[in-house]
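Novice: Here it is, the structure, as structure tokens.
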Amino acid sequence: MRTIATRLRPGKRGAATVGGARLREALVGYAFVLLPMAVFGVFFLYPIGYAIYISFFDWGIYGKIASVGTHNYHYLFHDHVFGLALKNTLFFTFTVVPIQMALGLAMAIVVNQKIRGRAFFRSAFYFPSLTSSAAITAIAIFILNADGLLNKIVGGHTPWFENESTALWSIVGLISWTTSGTMMLFYLAALQSIPTDVYEAAAIDNTGTWRTFWKITFPLLKPAHFFVAVVSVIGAMKVFDQAFIVSHGTGGPNNSTMTMVLYLYRTAIYDVHFGRAAAMGVLLLVIIMAFTLIQRIAFGRPEVQ
Amino acid sequence: MLETSAVAAEALIPPRATSERVRTLLTYTALLAISALFFVPFLWAVSTSFKTLPQTAYFHLLPHPWTMAPYREALSKFNFALYMRNSAFLAAVITASNVFLAGLGGYAFARLRFPGREVLFLLVLSTLMMPDQLRMVPVFVMLTNWHLVNSFASYILISLVTAGNLFFMRQYFLTIPKDFEEAAKLDGAGYFKTFWRVMLPLAGPAIAAVTILQFQGVWNDFFWPNLLLQDTAHYVLTTGLAQFVFQYQTQWNDLMAASLIAIAPIVLLFIFFQRYFISGVVSAGVKG
């Protein structure tokens, strides 16, 4: 009975209700997006502007101390530690990204074959990507300590994370190990979307496996290369957890594991210099955006997903 | 006919068969070697977590004798039972709010017509690109002013809903045929009821992916808890582990037990819901 009644009601009021229904739909729409938009507004969008604002001030724990113009940026450009942090972060990015891409692609190609147990291998390769950075870093610290498993195998006595020349490389290895599985999944999805008739044509032409890969598969994966490169670069530029934990929050030894985000964190939390830390955040965003733009140009203009 | 041609074809192959077999053997050897490389650290961690402390100095894979003491010590003496409760609480609350708010917002952006919808949606998308590290300082300043630092409320508030989840839900809702909602409308269901009773149940796979990835994201998160929850009572598994490393680094057996306690629940989730993990990671992308 109720359903019939509601169904009849709009008919009686005619044109006025069409407008009314539209208004109602709009109001409901606003109501539904209100809370999500409030969260984005207060905790994502407003902070962008606020970060830029703070970056022009000498800003301590009790708030604004003085307006300093672009002094925080000037300071960073001449700051020795910031230079090191930038250098370390770029070094890290330029080593991790190619490794992740190559490993991810190689593993994706392997588990895309018709081989026995490929679900097992896929899970095995993805497994390290599941775990929390803190737990996996704890395990890595154990394995790479001076008396650890790795030294037992290679017959050395290097404290990998506490040695200035090996610490950053060890983090490169650790992160390559734990995130290549995710890159594999991206490549795998792209591989599976390549139509099989392309390969059939290659088979008819008797093109070798290696040639087929370089001449056909690799170029066809261009959108995937772009996507993986962007995700990988952004992740690498933001490296923090592993560097923080292995160096006990210091970025040591001798700043060898000081990354940009670690320095940002230290400046904000230990030095309580919010202005300078905010300026670093702004610079980080600018660098990430520049990288994304360069990659976009380098890879043409593929539609991402 | 068919059989003879098959036999003929086989007769042609033998010269290649040996090399093919060698290649297969090499492939599997390589695969198993890589898998071993990926697994050995975990095996070693598991083995160590069942050893007594003196045993950790020796390189036997199998503990002798086996002991559960490291797990007991990690859970009670080093408070990891509390950290696990904190992690589970935060992950559950944040996941629930994300499913609800991303679903609600995603439904509105996918289906309801209201002025300014496109502009608002662009704003949502623009937050996708923003690194957490940029909002770290302003968010920390705001939460400090509101006296919310070192309370769970701070972390929950900033994580109530993410643009990635909302976008993901919207994309899924767009693929659902409109017939279902029209049927609901004819039955006199209001917008919320249509969303709650019709659309959400139809979005099962999307909800599963959001739930699993969000839960995993909070459970594994180190950055925000490390910033916002700095007192012992509010430590989560990841920050508790970091503090353990800082203070008792060489208690390897306890450290490995604690690490595995942090890892195990996500591994279990993965074993049961592998499909959603993989589809979720691939389509959400940004979280990689």
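Naming scheme: A, B, ... for chains in displayed order of the structure tokens; residues 1 onward per chain; ligands 1 onward as shown.
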Would you pick out the contacts of Leu229 (chain B) at 10 Å or less, using only C-alpha atoms, so that residues sharing its chain but fewer than 5 positions from it are not included, and give the list as a PDB file with N, CA and C atoms, in the first residue's frame?

Specialist:
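As a result, result_27.pdb now contains:
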```
ATOM      1  N   LEU B 148      45.455  17.397  20.690  1.00  0.00           N
ATOM      2  CA  LEU B 148      45.070  16.034  20.306  1.00  0.00           C
ATOM      3  C   LEU B 148      46.274  15.122  20.094  1.00  0.00           C
ATOM      4  N   VAL B 149      47.489  15.702  20.097  1.00  0.00           N
ATOM      5  CA  VAL B 149      48.659  14.851  19.916  1.00  0.00           C
ATOM      6  C   VAL B 149      48.741  13.886  21.098  1.00  0.00           C
ATOM      7  N   ASN B 150      49.197  12.675  20.826  1.00  0.00           N
ATOM      8  CA  ASN B 150      49.219  11.606  21.822  1.00  0.00           C
ATOM      9  C   ASN B 150      47.833  11.139  22.251  1.00  0.00           C
ATOM     10  N   SER B 151      46.857  11.276  21.349  1.00  0.00           N
ATOM     11  CA  SER B 151      45.577  10.605  21.572  1.00  0.00           C
ATOM     12  C   SER B 151      45.217   9.899  20.270  1.00  0.00           C
ATOM     13  N   PHE B 152      44.503   8.799  20.377  1.00  0.00           N
ATOM     14  CA  PHE B 152      44.129   8.062  19.169  1.00  0.00           C
ATOM     15  C   PHE B 152      43.292   8.922  18.237  1.00  0.00           C
ATOM     16  N   ALA B 153      42.547   9.883  18.840  1.00  0.00           N
ATOM     17  CA  ALA B 153      41.667  10.730  18.040  1.00  0.00           C
ATOM     18  C   ALA B 153      42.436  11.440  16.928  1.00  0.00           C
ATOM     19  N   SER B 154      43.690  11.839  17.217  1.00  0.00           N
ATOM     20  CA  SER B 154      44.450  12.583  16.210  1.00  0.00           C
ATOM     21  C   SER B 154      44.636  11.744  14.952  1.00  0.00           C
ATOM     22  N   TYR B 155      45.095  10.526  15.126  1.00  0.00           N
ATOM     23  CA  TYR B 155      45.370   9.668  13.971  1.00  0.00           C
ATOM     24  C   TYR B 155      44.070   9.288  13.253  1.00  0.00           C
ATOM     25  N   TRP B 224      52.773   8.103  10.566  1.00  0.00           N
ATOM     26  CA  TRP B 224      51.860   8.909  11.381  1.00  0.00           C
ATOM     27  C   TRP B 224      51.864   8.516  12.854  1.00  0.00           C
ATOM     28  N   HIS B 234      50.336   4.672  23.922  1.00  0.00           N
ATOM     29  CA  HIS B 234      49.708   4.776  22.607  1.00  0.00           C
ATOM     30  C   HIS B 234      50.544   4.175  21.489  1.00  0.00           C
ATOM     31  N   TYR B 235      51.647   3.500  21.837  1.00  0.00           N
ATOM     32  CA  TYR B 235      52.439   2.859  20.788  1.00  0.00           C
ATOM     33  C   TYR B 235      51.597   1.832  20.063  1.00  0.00           C
ATOM     34  N   VAL B 236      51.868   1.698  18.763  1.00  0.00           N
ATOM     35  CA  VAL B 236      51.289   0.604  17.988  1.00  0.00           C
ATOM     36  C   VAL B 236      52.414  -0.384  17.683  1.00  0.00           C
ATOM     37  N   THR B 239      55.576   1.252  15.866  1.00  0.00           N
ATOM     38  CA  THR B 239      56.389   2.172  16.669  1.00  0.00           C
ATOM     39  C   THR B 239      56.971   1.445  17.876  1.00  0.00           C
TER      40      THR B 239
END
```

Novice: Would you give me, as a PyMOL selection string, the residues in region 95-212 of chain A that DSSP reads as alpha helix (DSSP H)?

Specialist: chain A and resi 95-111+118-130+133-143+149-154+167-192+196-204+209-212

Novice: What's around Thr257 (chain A) at 12 Å? Count only C-alpha atoms, leave out sequence neighbours fewer than 6 positions away in its own chain, and write the answer as an MDAnalysis selection string.

Specialist: chainID A and resid 81 84:89 91:92 160:172 239:251 263

Novice: Can you pull out the residues contacting Leu62 (chain B)? Cut-off 9 Å, using only C-alpha atoms, and skip same-chain residues under 6 positions away; I want them as a list of chain:residue names.

Specialist: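 Using only C-alpha atoms, the neighbours found are B:Ser47, B:Thr48, B:Phe50, B:Lys51.
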
Novice: Within 9 Å of Met199 (chain B), counting only C-alpha atoms, which residues qualify if same-chain residues fewer than 3 places away don't, as a list in words?

Specialist: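 The residues that qualify are Gly103, Tyr107, Phe173, Ile176, Phe180, Glu181, Thr194, Phe195, Trp196, Leu202 and Ala203 of chain B.
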
Novice: Keeping only N, CA and C atoms, write those residues as an mmCIF file, in the first residue's frame.

Specialist:
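Output saved as selection-v5.cif:
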```
data_model
loop_
_atom_site.group_PDB
_atom_site.id
_atom_site.type_symbol
_atom_site.label_atom_id
_atom_site.label_comp_id
_atom_site.auth_asym_id
_atom_site.auth_seq_id
_atom_site.Cartn_x
_atom_site.Cartn_y
_atom_site.Cartn_z
ATOM 1 N N GLY B 103 32.369 5.117 0.635
ATOM 2 C CA GLY B 103 31.186 4.589 -0.039
ATOM 3 C C GLY B 103 30.148 5.682 -0.239
ATOM 4 N N TYR B 107 29.391 7.161 -3.827
ATOM 5 C CA TYR B 107 28.043 7.001 -4.386
ATOM 6 C C TYR B 107 27.510 8.340 -4.860
ATOM 7 N N PHE B 173 31.084 2.078 -8.331
ATOM 8 C CA PHE B 173 29.647 2.388 -8.422
ATOM 9 C C PHE B 173 29.246 2.709 -9.859
ATOM 10 N N ILE B 176 27.997 -0.228 -11.844
ATOM 11 C CA ILE B 176 26.761 -0.927 -11.470
ATOM 12 C C ILE B 176 25.598 -0.369 -12.287
ATOM 13 N N PHE B 180 19.052 -1.227 -10.659
ATOM 14 C CA PHE B 180 18.866 -1.597 -9.254
ATOM 15 C C PHE B 180 18.322 -0.431 -8.440
ATOM 16 N N GLU B 181 18.920 0.759 -8.656
ATOM 17 C CA GLU B 181 18.471 1.922 -7.894
ATOM 18 C C GLU B 181 17.069 2.322 -8.298
ATOM 19 N N THR B 194 18.652 3.552 -0.281
ATOM 20 C CA THR B 194 19.122 2.984 -1.543
ATOM 21 C C THR B 194 20.624 2.711 -1.470
ATOM 22 N N PHE B 195 21.354 3.697 -0.924
ATOM 23 C CA PHE B 195 22.796 3.545 -0.788
ATOM 24 C C PHE B 195 23.128 2.367 0.127
ATOM 25 N N TRP B 196 22.475 2.335 1.291
ATOM 26 C CA TRP B 196 22.809 1.380 2.348
ATOM 27 C C TRP B 196 22.368 -0.033 2.014
ATOM 28 N N LEU B 202 25.876 -4.273 -3.332
ATOM 29 C CA LEU B 202 26.305 -4.603 -4.700
ATOM 30 C C LEU B 202 27.790 -4.326 -4.908
ATOM 31 N N ALA B 203 28.356 -3.514 -4.025
ATOM 32 C CA ALA B 203 29.760 -3.126 -4.202
ATOM 33 C C ALA B 203 30.696 -4.024 -3.396
#
```

Novice: Restricting the calculation to only C-alpha atoms, which member of A:Ile294, A:Ala278, A:Val154, A:Met107 is positioned closest to Phe186 (chain A)?

Specialist: A:Met107

Novice: If you count only C-alpha atoms, which residues fall within 8 Å of Ala279 (chain A), apart from same-chain ones fewer than 5 positions away, as a PDB file with C-alpha atoms, in the first residue's frame?

Specialist:
```
ATOM      1  CA  ALA A  51      52.459  24.635   4.954  1.00  0.00           C
ATOM      2  CA  ILE A  52      53.429  27.310   2.450  1.00  0.00           C
ATOM      3  CA  ILE A  54      54.369  28.451   7.815  1.00  0.00           C
ATOM      4  CA  SER A  55      57.419  28.132   5.558  1.00  0.00           C
ATOM      5  CA  PHE A  56      57.726  31.945   5.520  1.00  0.00           C
ATOM      6  CA  ASN A  72      63.979  29.381   5.531  1.00  0.00           C
ATOM      7  CA  TYR A  73      64.519  28.532   1.876  1.00  0.00           C
TER       8      TYR A  73
END
```

Novice: Out of A:Ala201, A:Leu285, A:Leu221, A:Leu76, which residue has the shortest atom-to-atom distance to chain B when counting only C-alpha atoms?

Specialist: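 So, comparing all the options, the nearest one is A:Leu285.
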
Novice: Kindly give the distance, in Å, that separates CA of Ile207 (chain B) and CA of Ser279 (chain B), rounded to a single decimal.

Specialist: 12.0 Å

Novice: Excluding same-chain residues fewer than 3 positions from Phe273 (chain B), what lies within 12 Å of it counting only C-alpha atoms, as an NGL selection string?

Specialist: (:A and (123)) or (:B and (205 or 208-209 or 211-213 or 266-270 or 276-280))

Novice: Store the residues of this selection in a file with C-alpha atoms, as a short mmCIF file (atom, residue, chain, number, x, y, z; two decimals), in the first residue's frame.

Specialist:
```
data_model
loop_
_atom_site.label_atom_id
_atom_site.label_comp_id
_atom_site.auth_asym_id
_atom_site.auth_seq_id
_atom_site.Cartn_x
_atom_site.Cartn_y
_atom_site.Cartn_z
CA SER A 123 52.81 -15.05 -3.85
CA PRO B 205 34.31 -6.65 -4.19
CA ALA B 208 36.56 -5.98 0.23
CA ALA B 209 39.50 -4.36 -1.55
CA THR B 211 38.80 -2.96 3.69
CA ILE B 212 41.83 -5.14 3.17
CA LEU B 213 44.15 -2.46 1.82
CA ILE B 266 48.54 -9.53 7.50
CA VAL B 267 49.99 -12.76 6.13
CA LEU B 268 46.88 -14.62 7.32
CA LEU B 269 44.67 -11.99 5.65
CA PHE B 270 46.67 -12.40 2.48
CA TYR B 276 41.37 -8.79 -3.24
CA PHE B 277 44.90 -7.85 -2.28
CA ILE B 278 46.10 -8.22 -5.82
CA SER B 279 43.16 -6.56 -7.56
CA GLY B 280 43.15 -3.83 -4.95
#
```

Novice: Work out how far apart CA of Gln113 (chain A) and CA of Tyr126 (chain A) are and give it in Å to one decimal.

Specialist: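 Distance between the two atoms: 16.5 Å.
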
Novice: CA of Leu143 (chain B) and CA of Val272 (chain A) are how many Å apart?

Specialist: 14.7 Å
